[in-house]
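Student: My structure is below; once you've seen it, I'll send some questions.
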Amino acid sequence: MRRPRFTEHQRIVVAVTDSEASLQAAGVAAQLVPQRGELVFVHVLEVPLEFTLDQPAPDGERQRKAAAHDLLGRCQALAERYGVSSRRLIERQHIAGPAIVEAAERHRAGLIVIAGRQRFSRSGRVRLGATATYVLKHAQCRVMVISTQTEQAATALKVA
């Protein structure tokens, strides 16, 4: 019997937000990385377009940065439970998608893991959000989208 071949990725970038889906994505990534591999947890602090990136932080950004440190700490604790080394990265950008792709290129990642919210178009096709779509189109490495269900999708599954 043939065993399935899985590609091992020495370095995996995991895009995280403060959502249950992101923590699930971190758990999946921790299971995919090989023993000597590394996870890079990336959280993007999105700066409103009316501010330049070199300007002082707008109101509320300090609280969001503290929350991001807490989130990344939880992700690292999850990685430690799997015996995987990890590092944390907070990116300050206008849009999350390009920041995630740039972080993956900078860290020479073989895979990006991102949580994407599942929505359905009128034709019944699955649609992803802008960040997941951008990452899928522009990443130079493989991308795994951990899809979450919305209430609408859960209802559709119950009916089917």
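Identifiers in the structure tokens: chain A, B, ... in order shown; residue index from 1 per chain; ligand index from 1 in order shown.
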Pick out each residue of chain A that DSSP on the backbone tags as helix (DSSP H, G or I); I need them as JSON, numbers by chain.
Tutor: {"A": [20, 21, 22, 23, 24, 25, 26, 27, 28, 29, 30, 31, 32, 61, 62, 63, 64, 65, 66, 67, 68, 69, 70, 71, 72, 73, 74, 75, 76, 77, 78, 79, 80, 81, 96, 97, 98, 99, 100, 101, 102, 103, 104, 105, 106, 130, 131, 132, 133, 134, 135, 136, 137, 138, 151, 152, 153, 154, 155, 156, 157, 158, 159]}
Student: Using only C-alpha atoms, which residues sit within 12 Å of stretch 22-30 of chain A once same-chain residues fewer than 2 positions away are excluded, as a PyMOL selection string?
Tutor: chain A and resi 8-20+32-43+71-86+110-117+143-148
Student: If we count only C-alpha atoms, what is near A:Gln140 at a cut-off of 12 Å, once residues fewer than 4 positions away on the same chain are taken out, given as a list in words?
Tutor: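 The contact residues come out as Pro98, Ile100, Val101, Glu102, Ala103, Ala104, Glu105, Arg106, His107, Arg108, Ala109, Gly110, Leu111, Ile112, Tyr134, Val135 and Leu136 of chain A.
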Student: Which of these, A:Thr52, A:Pro58, A:Thr131, A:Ala139, has the shortest distance to A:Ile95 once you count only C-alpha atoms?
Tutor: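 Once distances to A:Ile95 are computed over only C-alpha atoms, the minimum belongs to A:Thr131.
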Student: Could you pull out the strand (DSSP E) residues of stretch 90-136 of chain A from DSSP and send them as a list in words?
Tutor: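 The strand (DSSP E) subset of stretch 90-136 of chain A is Ile90, Glu91, Arg92, Gln93, Leu111, Ile112, Val113, Ile114, Ala115, Gly116, Arg117, Arg119, Phe120, Val126 and Arg127 of chain A.
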Student: Just how far from atom CA of A:Arg127 is atom CA of A:Leu45, in Å to one decimal?
Tutor: 23.9 Å
Student: Need to verify the contact set: A:Gln93, 9 Å, only C-alpha atoms, exclusion of same-chain residues closer than 3 positions in sequence. Can you return it as a PyMOL selection string?
Tutor: chain A and resi 44-48+53+96+98-99
Student: Just how far from atom CA of A:Leu49 is atom CA of A:His138, in Å to one decimal?
Tutor: 21.3 Å
